[in-house]
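*Asks:* The file below is target_3.txt, compact mmCIF, C-alpha atoms:
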# COMPACT_ATOMS: atom_id res chain seq x y z
CA MET A 1 -200.34 52.95 -123.69
CA LYS A 2 -199.36 56.60 -123.31
CA LYS A 3 -202.92 57.56 -122.39
CA ILE A 4 -203.10 54.77 -119.80
CA THR A 5 -199.86 56.03 -118.25
CA GLN A 6 -201.17 59.60 -118.17
CA ASN A 7 -204.44 58.51 -116.55
CA LEU A 8 -202.53 56.49 -113.99
CA LEU A 9 -200.35 59.48 -113.15
CA ILE A 10 -203.43 61.68 -112.79
CA ILE A 11 -205.01 59.16 -110.41
CA ILE A 12 -201.81 58.97 -108.35
CA LEU A 13 -201.57 62.77 -108.23
CA ALA A 14 -205.22 63.09 -107.22
CA LEU A 15 -204.77 60.53 -104.44
CA PHE A 16 -201.64 62.33 -103.24
CA ILE A 17 -203.46 65.69 -103.15
CA LEU A 18 -206.37 64.07 -101.28
CA PHE A 19 -203.91 62.59 -98.79
CA LEU A 20 -202.32 66.01 -98.23
CA ILE A 21 -205.74 67.60 -97.69
CA LEU A 22 -206.72 64.91 -95.19
CA GLU A 23 -203.35 65.17 -93.47
CA MET A 24 -203.55 68.93 -93.08
CA GLY A 25 -207.18 68.82 -91.99
CA LEU A 26 -206.45 66.18 -89.35
CA ARG A 27 -203.40 68.07 -88.11
CA ILE A 28 -205.43 71.27 -87.70
CA TYR A 29 -208.23 69.37 -85.91
CA LEU A 30 -205.82 67.62 -83.52
CA CYS A 31 -204.03 70.89 -82.87
CA PHE A 32 -207.21 72.67 -81.77
CA ARG A 33 -208.86 69.65 -80.13
CA TYR A 34 -205.89 68.10 -78.29
CA ASP A 35 -203.20 70.79 -78.53
CA LEU A 36 -201.04 68.43 -80.63
CA PRO A 37 -198.29 70.41 -82.44
CA LEU A 38 -198.80 70.77 -86.19
CA VAL A 39 -195.33 69.68 -87.27
CA LYS A 40 -193.96 67.29 -84.63
CA ARG A 41 -194.04 63.51 -84.98
CA ILE A 42 -197.03 61.75 -83.41
CA ASP A 43 -195.09 60.22 -80.53
CA TYR A 44 -192.94 63.28 -79.80
CA ASN A 45 -194.06 63.35 -76.16
CA ILE A 46 -193.41 59.67 -75.40
CA TYR A 47 -190.44 58.79 -77.64
CA ASP A 48 -187.38 57.61 -75.74
CA SER A 49 -184.30 56.64 -77.74
CA GLN A 50 -183.21 54.07 -75.12
CA LEU A 51 -186.50 52.67 -73.79
CA GLY A 52 -188.49 52.96 -77.02
CA TRP A 53 -191.19 55.03 -75.36
CA LYS A 54 -191.48 56.82 -72.04
CA GLY A 55 -193.38 55.53 -69.03
CA LYS A 56 -194.71 57.31 -65.96
CA GLU A 57 -192.01 58.53 -63.59
CA VAL A 58 -192.75 59.19 -59.92
CA MET A 59 -189.78 60.70 -58.12
CA GLY A 60 -189.52 61.00 -54.36
CA ASP A 61 -186.96 62.90 -52.33
CA ILE A 62 -183.58 61.47 -53.31
CA SER A 63 -181.81 63.15 -50.38
CA THR A 64 -184.19 61.70 -47.77
CA LYS A 65 -182.94 59.70 -44.80
CA LYS A 66 -186.00 57.45 -45.01
CA PHE A 67 -185.93 53.91 -46.35
CA LYS A 68 -186.17 54.20 -50.16
CA ILE A 69 -188.16 51.78 -52.34
CA PHE A 70 -188.03 51.84 -56.13
CA PHE A 71 -191.02 50.23 -57.88
CA VAL A 72 -190.58 49.28 -61.57
CA GLY A 73 -193.08 47.63 -63.87
CA ASP A 74 -195.38 47.87 -66.87
CA SER A 75 -198.93 49.23 -67.26
CA PHE A 76 -199.97 48.08 -63.77
CA THR A 77 -197.27 50.34 -62.33
CA HIS A 78 -198.13 53.04 -64.87
CA GLY A 79 -201.69 53.14 -63.55
CA CYS A 80 -203.71 53.28 -66.79
CA GLY A 81 -205.82 56.21 -65.62
CA VAL A 82 -205.68 55.71 -61.86
CA LYS A 83 -204.41 58.83 -60.09
CA THR A 84 -200.86 58.47 -58.80
CA GLU A 85 -201.86 59.19 -55.19
CA TYR A 86 -204.11 56.09 -55.20
CA MET A 87 -201.65 53.67 -56.77
CA TYR A 88 -200.29 50.68 -54.88
CA PHE A 89 -196.80 52.08 -54.29
CA ASN A 90 -198.22 55.21 -52.69
CA ILE A 91 -200.38 53.03 -50.43
CA VAL A 92 -197.12 51.41 -49.29
CA LYS A 93 -195.64 54.87 -48.74
CA LYS A 94 -198.55 56.01 -46.56
CA ASN A 95 -198.59 52.81 -44.50
CA LEU A 96 -194.85 52.50 -43.90
CA ASP A 97 -193.65 56.11 -43.93
CA VAL A 98 -190.99 55.30 -46.52
CA GLU A 99 -189.87 57.26 -49.56
CA VAL A 100 -191.05 55.73 -52.84
CA PHE A 101 -189.95 56.08 -56.42
CA ALA A 102 -191.74 54.44 -59.33
CA TYR A 103 -191.45 53.98 -63.05
CA GLY A 104 -194.08 52.10 -65.07
CA GLY A 105 -194.34 51.84 -68.83
CA LYS A 106 -197.37 50.60 -70.74
CA GLY A 107 -196.41 47.40 -72.52
CA TYR A 108 -192.88 47.29 -71.10
CA GLY A 109 -190.98 44.03 -71.25
CA THR A 110 -188.17 42.78 -69.03
CA LEU A 111 -185.43 44.50 -71.03
CA GLN A 112 -187.10 47.90 -70.74
CA GLU A 113 -187.56 47.37 -67.01
CA TYR A 114 -183.87 46.47 -66.71
CA LEU A 115 -182.96 49.64 -68.64
CA VAL A 116 -185.13 51.72 -66.28
CA ILE A 117 -183.36 50.25 -63.24
CA ASP A 118 -179.98 50.77 -64.91
CA ARG A 119 -180.87 54.43 -65.59
CA TYR A 120 -182.11 55.30 -62.10
CA ILE A 121 -180.45 53.03 -59.54
CA ASP A 122 -177.28 55.09 -59.11
CA ARG A 123 -179.29 58.30 -58.90
CA ILE A 124 -181.93 57.07 -56.43
CA LYS A 125 -179.72 54.66 -54.44
CA PRO A 126 -182.76 52.64 -53.27
CA ASP A 127 -182.71 50.28 -50.30
CA LEU A 128 -185.21 47.97 -52.00
CA ILE A 129 -186.33 47.43 -55.59
CA VAL A 130 -189.76 45.94 -56.26
CA LEU A 131 -190.22 44.62 -59.79
CA GLN A 132 -193.75 44.02 -61.09
CA VAL A 133 -194.03 41.46 -63.90
CA CYS A 134 -196.82 40.27 -66.18
CA ALA A 135 -197.47 37.26 -68.43
CA ASN A 136 -197.11 39.32 -71.61
CA ASP A 137 -193.44 39.98 -70.72
CA PHE A 138 -192.59 36.67 -72.39
CA ILE A 139 -194.30 37.87 -75.60
CA ASN A 140 -192.69 41.30 -75.51
CA ASN A 141 -189.19 39.96 -74.78
CA VAL A 142 -188.84 38.28 -78.19
CA TRP A 143 -189.40 39.94 -81.56
CA ALA A 144 -190.74 36.77 -83.21
CA LEU A 145 -193.41 36.33 -80.54
CA GLU A 146 -194.53 39.95 -80.42
CA SER A 147 -194.65 40.06 -84.22
CA ALA A 148 -196.99 37.05 -84.17
CA SER A 149 -199.25 38.55 -81.51
CA TYR A 150 -202.44 40.54 -82.07
CA LEU A 151 -203.13 40.88 -78.34
CA ASN A 152 -199.77 41.99 -76.91
CA ASN A 153 -198.22 43.83 -79.83
CA ASN A 154 -197.37 47.42 -78.87
CA ASP A 155 -196.69 48.40 -82.49
CA MET A 156 -193.79 50.66 -81.49
CA LEU A 157 -190.02 50.59 -81.81
CA ARG A 158 -188.82 48.44 -78.93
CA PRO A 159 -185.43 47.22 -77.66
CA TYR A 160 -184.96 43.44 -77.79
CA TYR A 161 -182.10 41.45 -76.27
CA GLU A 162 -180.60 39.22 -78.96
CA ASN A 163 -177.29 37.34 -78.91
CA GLY A 164 -175.98 39.35 -75.98
CA SER A 165 -176.76 42.79 -77.39
CA ILE A 166 -179.69 45.20 -77.65
CA GLN A 167 -181.44 45.53 -81.03
CA TYR A 168 -184.19 48.04 -81.80
CA CYS A 169 -186.93 46.62 -84.00
CA LEU A 170 -190.57 47.19 -84.93
CA PRO A 171 -192.88 44.23 -84.29
CA ARG A 172 -194.63 43.36 -87.56
CA GLY A 173 -195.19 45.52 -90.63
CA PRO A 174 -192.91 47.23 -93.19
CA PHE A 175 -189.97 48.70 -91.28
CA LEU A 176 -189.63 51.91 -93.33
CA LEU A 177 -193.38 52.59 -93.24
CA LYS A 178 -193.65 52.08 -89.49
CA LYS A 179 -190.46 53.92 -88.59
CA TYR A 180 -190.55 56.89 -90.96
CA VAL A 181 -194.13 57.32 -92.24
CA ILE A 182 -196.56 56.40 -89.45
CA PRO A 183 -194.83 58.45 -86.68
CA HIS A 184 -194.92 61.55 -88.92
CA SER A 185 -198.31 61.18 -90.63
CA ARG A 186 -201.54 61.70 -88.70
CA VAL A 187 -203.57 59.89 -91.38
CA ALA A 188 -201.21 56.89 -91.55
CA TYR A 189 -201.10 56.71 -87.75
CA CYS A 190 -204.91 56.68 -87.43
CA ILE A 191 -205.27 54.01 -90.12
CA SER A 192 -202.62 51.87 -88.43
CA LYS A 193 -204.36 52.14 -85.04
CA VAL A 194 -207.78 51.25 -86.47
CA VAL A 195 -206.36 48.22 -88.30
CA ASN A 196 -204.50 46.96 -85.23
CA ARG A 197 -207.53 47.34 -82.97
CA PHE A 198 -209.68 45.50 -85.50
CA LEU A 199 -207.16 42.65 -85.67
CA ALA A 200 -207.08 42.50 -81.85
CA VAL A 201 -210.88 42.17 -81.76
CA LEU A 202 -210.75 39.35 -84.33
CA ALA A 203 -208.03 37.60 -82.31
CA LYS A 204 -210.04 37.84 -79.06
CA LYS A 205 -213.02 36.27 -80.84
CA GLY A 206 -210.83 33.49 -82.22
CA ILE A 207 -211.46 34.48 -85.83
CA ILE A 208 -207.76 34.88 -86.51
CA LYS A 209 -204.97 33.01 -84.75
CA THR A 210 -202.60 34.79 -82.40
CA ILE A 211 -199.42 33.40 -80.87
CA GLU A 212 -200.90 33.36 -77.35
CA SER A 213 -203.30 30.55 -78.28
CA GLU A 214 -200.42 28.53 -79.75
CA ILE A 215 -198.38 28.99 -76.56
CA ALA A 216 -201.34 27.84 -74.48
CA GLU A 217 -201.67 24.72 -76.62
CA ARG A 218 -198.05 23.64 -77.00
CA SER A 219 -195.63 25.87 -75.10
CA ALA A 220 -193.34 22.93 -74.23
CA GLU A 221 -192.50 22.31 -77.88
CA LEU A 222 -192.69 25.85 -79.28
CA GLU A 223 -189.13 26.97 -80.04
CA GLN A 224 -189.96 30.69 -79.94
CA PHE A 225 -191.38 30.35 -76.44
CA LYS A 226 -188.35 28.35 -75.29
CA GLN A 227 -186.20 31.16 -76.67
CA SER A 228 -188.26 33.70 -74.73
CA VAL A 229 -187.75 31.78 -71.48
CA LEU A 230 -183.98 31.72 -72.06
CA ILE A 231 -183.85 35.43 -72.93
CA THR A 232 -186.01 36.35 -69.93
CA SER A 233 -183.70 34.32 -67.71
CA GLU A 234 -180.65 36.14 -69.14
CA LEU A 235 -182.32 39.50 -68.51
CA VAL A 236 -183.11 38.55 -64.91
CA ASP A 237 -179.41 37.67 -64.51
CA LYS A 238 -178.53 41.16 -65.72
CA LEU A 239 -181.10 42.67 -63.37
CA LYS A 240 -179.70 40.83 -60.38
CA LYS A 241 -176.13 41.86 -61.18
CA ARG A 242 -177.14 45.50 -61.73
CA CYS A 243 -178.99 45.61 -58.43
CA ASP A 244 -175.85 44.21 -56.79
CA LYS A 245 -176.32 44.56 -53.02
CA VAL A 246 -179.73 46.28 -53.31
CA ARG A 247 -182.44 43.85 -52.27
CA LEU A 248 -184.78 42.84 -55.10
CA ILE A 249 -188.24 41.28 -54.82
CA VAL A 250 -190.63 40.50 -57.66
CA PHE A 251 -194.40 40.10 -57.85
CA SER A 252 -196.67 38.93 -60.64
CA VAL A 253 -200.02 40.54 -61.49
CA GLY A 254 -201.35 37.44 -63.27
CA ASP A 255 -201.42 33.67 -62.89
CA THR A 256 -201.86 32.63 -66.52
CA GLU A 257 -199.97 29.50 -67.50
CA PRO A 258 -197.44 28.61 -68.73
CA TYR A 259 -196.09 32.07 -67.92
CA LEU A 260 -196.47 31.95 -64.14
CA ARG A 261 -194.70 28.60 -63.95
CA GLN A 262 -191.76 29.95 -65.95
CA PHE A 263 -191.51 33.07 -63.79
CA ARG A 264 -191.52 30.88 -60.69
CA LEU A 265 -188.68 28.71 -62.04
CA ILE A 266 -186.59 31.64 -63.28
CA PHE A 267 -186.70 33.62 -60.05
CA LYS A 268 -186.22 30.53 -57.89
CA ASN A 269 -183.11 29.58 -59.88
CA LYS A 270 -181.75 33.11 -59.47
CA GLY A 271 -182.43 33.20 -55.73
CA ILE A 272 -184.88 36.11 -56.04
CA LYS A 273 -188.02 36.20 -53.91
CA PHE A 274 -191.06 35.87 -56.17
CA ILE A 275 -194.53 36.80 -54.89
CA GLU A 276 -197.26 35.01 -56.84
CA GLU A 277 -200.24 35.37 -54.48
CA ILE A 278 -201.49 38.73 -55.77
CA PRO A 279 -203.81 37.42 -58.54
CA LYS A 280 -205.57 35.20 -55.98
CA ILE A 281 -206.01 38.16 -53.64
CA ILE A 282 -207.77 40.07 -56.42
CA TYR A 283 -209.92 37.06 -57.40
CA ASP A 284 -210.95 36.46 -53.78
CA ALA A 285 -211.86 40.13 -53.27
CA LYS A 286 -213.86 40.15 -56.51
CA ALA A 287 -215.77 37.09 -55.35
CA GLN A 288 -217.06 39.23 -52.47
CA GLY A 289 -218.66 41.64 -54.93
CA ASN A 290 -215.88 44.21 -55.35
CA LYS A 291 -215.24 45.59 -58.83
CA LEU A 292 -211.45 46.06 -58.50
CA LEU A 293 -210.74 46.02 -62.25
CA LEU A 294 -211.09 48.65 -64.96
CA LYS A 295 -212.41 47.76 -68.42
CA SER A 296 -208.78 47.33 -69.48
CA ASP A 297 -208.41 44.56 -66.84
CA HIS A 298 -206.04 46.76 -64.85
CA TRP A 299 -206.63 47.54 -61.17
CA ASP A 300 -208.94 50.36 -60.21
CA GLU A 301 -208.34 52.46 -57.07
CA ASP A 302 -209.74 49.74 -54.78
CA GLY A 303 -207.56 47.13 -56.47
CA HIS A 304 -204.46 49.27 -55.96
CA LYS A 305 -205.43 49.75 -52.30
CA ILE A 306 -205.72 46.00 -51.70
CA ILE A 307 -202.38 45.27 -53.41
CA GLY A 308 -200.67 48.18 -51.65
CA GLU A 309 -201.84 46.90 -48.27
CA TYR A 310 -200.69 43.36 -49.10
CA LEU A 311 -197.23 44.60 -50.14
CA THR A 312 -197.10 46.74 -46.99
CA GLU A 313 -197.52 43.68 -44.80
CA TYR A 314 -195.09 41.68 -46.91
CA ILE A 315 -192.38 44.35 -46.62
CA LYS A 316 -193.03 44.70 -42.89
CA SER A 317 -192.54 41.00 -42.23
CA HIS A 318 -189.90 40.04 -44.83
CA ILE A 319 -187.83 43.22 -45.22
CA PHE A 320 -188.25 45.08 -41.92
CA GLY A 321 -188.97 42.02 -39.77
Show the structure stored in the file as structure tokens.

*Replies:*
Amino acid sequence: MKKITQNLLIIILALFILFLILEMGLRIYLCFRYDLPLVKRIDYNIYDSQLGWKGKEVMGDISTKKFKIFFVGDSFTHGCGVKTEYMYFNIVKKNLDVEVFAYGGKGYGTLQEYLVIDRYIDRIKPDLIVLQVCANDFINNVWALESASYLNNNDMLRPYYENGSIQYCLPRGPFLLKKYVIPHSRVAYCISKVVNRFLAVLAKKGIIKTIESEIAERSAELEQFKQSVLITSELVDKLKKRCDKVRLIVFSVGDTEPYLRQFRLIFKNKGIKFIEEIPKIIYDAKAQGNKLLLKSDHWDEDGHKIIGEYLTEYIKSHIFG
């Protein structure tokens, strides 16, 4: 028994030493290859204690006398590789000669978008706020849904709105491991990313079940989805109150059901103008042979141009008209 214990301890020690060697080697490689600091946590450059993680901020001239528009959204407003000058909000700026401000976060849900507006609205004092929404907002707004998703799980500490207050939780996985080990260990982080990408591939192929397929099949009777609709509605209430007298319009980048139907009902009930034609505009333009989408299914430069021009005309006729 004593010998077994000793051998076990030797194995554990050997594995620990191997882990340290791999960790140091990976840290040195990432430092030279990507200029990643040796000792800082992995997400040091995107961590945000309020939002969970930072998005892309585009700040105009706050002191301008021009009409100011603040665009807020998720990865479609972040750009996902498209240069800022070619993004839809800058197309609006060029066409209308207005001052634009934008903040887009990859994977952001409605609560994070509300927190962005709450953070910037008094500083920017916009004349118009344009909120961009996406179907996965309903997944990301509820911990239970995001934890059951392999397609829309951001795997990062995120704020959730529960019982009238904000709670910060990690979607799926051991809390201590994901909060204290993975952000600080290059090896653990890489393993986690590989595993999550593999699970996402399996989910897309239908090999493993993800919550999105269950929502598509029986959203009307799924309690977690009903909860998400209620929470999203509460968050839109908070958004409307925070915007106060600032005009707010919303547009959707997708038309997947049952999400689009729920967005339509929520914004109609709140008296907020909801633009749902944009997905059709993209589909129609693609039918004419245009690429318009990146591999990630986000708009390319031409897609941003088309959407920017559509929003230009909408703002001209409905806001300035």

*Asks:* Could you pull the residues within 9 Å of A:Ile28, counting all atoms listed in the file, minus those fewer than 5 positions along the same chain, as a short mmCIF file (atom, residue, chain, number, x, y, z; two decimals) with C-alpha atoms, keeping the file's coordinate frame?

*Replies:*
data_model
loop_
_atom_site.label_atom_id
_atom_site.label_comp_id
_atom_site.auth_asym_id
_atom_site.auth_seq_id
_atom_site.Cartn_x
_atom_site.Cartn_y
_atom_site.Cartn_z
CA GLU A 23 -203.35 65.17 -93.47
CA ARG A 33 -208.86 69.65 -80.13
CA LEU A 36 -201.04 68.43 -80.63
CA PRO A 37 -198.29 70.41 -82.44
CA LEU A 38 -198.80 70.77 -86.19
#

*Asks:* Report as a PyMOL selection string all protein, DNA and RNA residues lying within 12 Å of A:Ile319, evaluated on all atoms listed in the file, omitting residues in the same chain fewer than 3 positions from it.

*Replies:* chain A and resi 67+69+96+127-130+246-249+273+311-316

*Asks:* Could you tell me how far atom CA of A:Gly105 lies from atom CA of A:Lys56, in Å and to one decimal?

*Replies:*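 Here the two named atoms are 6.2 Å from each other.
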
*Asks:* Interatomic distance between atom CA of A:Val72 and atom CA of A:Gly104?

*Replies:*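 That distance, rounded to one decimal, is 5.7 Å.
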
*Asks:* Between A:Leu22, A:Tyr86, A:Gln167, A:Leu9, which has the minimum distance to A:Asp302 (counting only C-alpha atoms)?

*Replies:* A:Tyr86

*Asks:* Within 12 Å of A:Ile282, counting all atoms listed in the file, which residues qualify if same-chain residues fewer than 5 places away don't, as a PDB file with C-alpha atoms, in the frame of the given file?

*Replies:*
ATOM      1  CA  SER A 252    -196.670  38.930 -60.640  1.00  0.00           C
ATOM      2  CA  VAL A 253    -200.020  40.540 -61.490  1.00  0.00           C
ATOM      3  CA  GLY A 254    -201.350  37.440 -63.270  1.00  0.00           C
ATOM      4  CA  ASP A 255    -201.420  33.670 -62.890  1.00  0.00           C
ATOM      5  CA  GLU A 276    -197.260  35.010 -56.840  1.00  0.00           C
ATOM      6  CA  GLU A 277    -200.240  35.370 -54.480  1.00  0.00           C
ATOM      7  CA  ALA A 287    -215.770  37.090 -55.350  1.00  0.00           C
ATOM      8  CA  GLN A 288    -217.060  39.230 -52.470  1.00  0.00           C
ATOM      9  CA  GLY A 289    -218.660  41.640 -54.930  1.00  0.00           C
ATOM     10  CA  ASN A 290    -215.880  44.210 -55.350  1.00  0.00           C
ATOM     11  CA  LYS A 291    -215.240  45.590 -58.830  1.00  0.00           C
ATOM     12  CA  LEU A 292    -211.450  46.060 -58.500  1.00  0.00           C
ATOM     13  CA  LEU A 293    -210.740  46.020 -62.250  1.00  0.00           C
ATOM     14  CA  ASP A 297    -208.410  44.560 -66.840  1.00  0.00           C
ATOM     15  CA  HIS A 298    -206.040  46.760 -64.850  1.00  0.00           C
ATOM     16  CA  TRP A 299    -206.630  47.540 -61.170  1.00  0.00           C
ATOM     17  CA  ASP A 300    -208.940  50.360 -60.210  1.00  0.00           C
ATOM     18  CA  ASP A 302    -209.740  49.740 -54.780  1.00  0.00           C
ATOM     19  CA  GLY A 303    -207.560  47.130 -56.470  1.00  0.00           C
ATOM     20  CA  HIS A 304    -204.460  49.270 -55.960  1.00  0.00           C
ATOM     21  CA  LYS A 305    -205.430  49.750 -52.300  1.00  0.00           C
ATOM     22  CA  ILE A 306    -205.720  46.000 -51.700  1.00  0.00           C
ATOM     23  CA  ILE A 307    -202.380  45.270 -53.410  1.00  0.00           C
ATOM     24  CA  GLY A 308    -200.670  48.180 -51.650  1.00  0.00           C
ATOM     25  CA  TYR A 310    -200.690  43.360 -49.100  1.00  0.00           C
TER      26      TYR A 310
END

*Asks:* Got a sec: who's within 12 Å of stretch 181-185 of chain A, counting only C-alpha atoms, leaving out chain neighbours fewer than 5 positions off, as number ranges by chain?

*Replies:* A: 19-20, 22-27, 37-47, 155-157, 170, 173-176, 190-193

*Asks:* Write out as a PyMOL selection string each polymer residue whose atoms come within 12 Å of stretch 221-231 of chain A, counting all atoms listed in the file; drop sequence neighbours fewer than 3 positions from it.

*Replies:* chain A and resi 109-111+135-148+160-166+211-218+234-238+258-267

*Asks:* I need the residues from that last selection saved to file as a PDB file, in the frame of the given file (with C-alpha atoms), if you can.

*Replies:*
ATOM      1  CA  GLY A 109    -190.980  44.030 -71.250  1.00  0.00           C
ATOM      2  CA  THR A 110    -188.170  42.780 -69.030  1.00  0.00           C
ATOM      3  CA  LEU A 111    -185.430  44.500 -71.030  1.00  0.00           C
ATOM      4  CA  ALA A 135    -197.470  37.260 -68.430  1.00  0.00           C
ATOM      5  CA  ASN A 136    -197.110  39.320 -71.610  1.00  0.00           C
ATOM      6  CA  ASP A 137    -193.440  39.980 -70.720  1.00  0.00           C
ATOM      7  CA  PHE A 138    -192.590  36.670 -72.390  1.00  0.00           C
ATOM      8  CA  ILE A 139    -194.300  37.870 -75.600  1.00  0.00           C
ATOM      9  CA  ASN A 140    -192.690  41.300 -75.510  1.00  0.00           C
ATOM     10  CA  ASN A 141    -189.190  39.960 -74.780  1.00  0.00           C
ATOM     11  CA  VAL A 142    -188.840  38.280 -78.190  1.00  0.00           C
ATOM     12  CA  TRP A 143    -189.400  39.940 -81.560  1.00  0.00           C
ATOM     13  CA  ALA A 144    -190.740  36.770 -83.210  1.00  0.00           C
ATOM     14  CA  LEU A 145    -193.410  36.330 -80.540  1.00  0.00           C
ATOM     15  CA  GLU A 146    -194.530  39.950 -80.420  1.00  0.00           C
ATOM     16  CA  SER A 147    -194.650  40.060 -84.220  1.00  0.00           C
ATOM     17  CA  ALA A 148    -196.990  37.050 -84.170  1.00  0.00           C
ATOM     18  CA  TYR A 160    -184.960  43.440 -77.790  1.00  0.00           C
ATOM     19  CA  TYR A 161    -182.100  41.450 -76.270  1.00  0.00           C
ATOM     20  CA  GLU A 162    -180.600  39.220 -78.960  1.00  0.00           C
ATOM     21  CA  ASN A 163    -177.290  37.340 -78.910  1.00  0.00           C
ATOM     22  CA  GLY A 164    -175.980  39.350 -75.980  1.00  0.00           C
ATOM     23  CA  SER A 165    -176.760  42.790 -77.390  1.00  0.00           C
ATOM     24  CA  ILE A 166    -179.690  45.200 -77.650  1.00  0.00           C
ATOM     25  CA  ILE A 211    -199.420  33.400 -80.870  1.00  0.00           C
ATOM     26  CA  GLU A 212    -200.900  33.360 -77.350  1.00  0.00           C
ATOM     27  CA  SER A 213    -203.300  30.550 -78.280  1.00  0.00           C
ATOM     28  CA  GLU A 214    -200.420  28.530 -79.750  1.00  0.00           C
ATOM     29  CA  ILE A 215    -198.380  28.990 -76.560  1.00  0.00           C
ATOM     30  CA  ALA A 216    -201.340  27.840 -74.480  1.00  0.00           C
ATOM     31  CA  GLU A 217    -201.670  24.720 -76.620  1.00  0.00           C
ATOM     32  CA  ARG A 218    -198.050  23.640 -77.000  1.00  0.00           C
ATOM     33  CA  GLU A 234    -180.650  36.140 -69.140  1.00  0.00           C
ATOM     34  CA  LEU A 235    -182.320  39.500 -68.510  1.00  0.00           C
ATOM     35  CA  VAL A 236    -183.110  38.550 -64.910  1.00  0.00           C
ATOM     36  CA  ASP A 237    -179.410  37.670 -64.510  1.00  0.00           C
ATOM     37  CA  LYS A 238    -178.530  41.160 -65.720  1.00  0.00           C
ATOM     38  CA  PRO A 258    -197.440  28.610 -68.730  1.00  0.00           C
ATOM     39  CA  TYR A 259    -196.090  32.070 -67.920  1.00  0.00           C
ATOM     40  CA  LEU A 260    -196.470  31.950 -64.140  1.00  0.00           C
ATOM     41  CA  ARG A 261    -194.700  28.600 -63.950  1.00  0.00           C
ATOM     42  CA  GLN A 262    -191.760  29.950 -65.950  1.00  0.00           C
ATOM     43  CA  PHE A 263    -191.510  33.070 -63.790  1.00  0.00           C
ATOM     44  CA  ARG A 264    -191.520  30.880 -60.690  1.00  0.00           C
ATOM     45  CA  LEU A 265    -188.680  28.710 -62.040  1.00  0.00           C
ATOM     46  CA  ILE A 266    -186.590  31.640 -63.280  1.00  0.00           C
ATOM     47  CA  PHE A 267    -186.700  33.620 -60.050  1.00  0.00           C
TER      48      PHE A 267
END
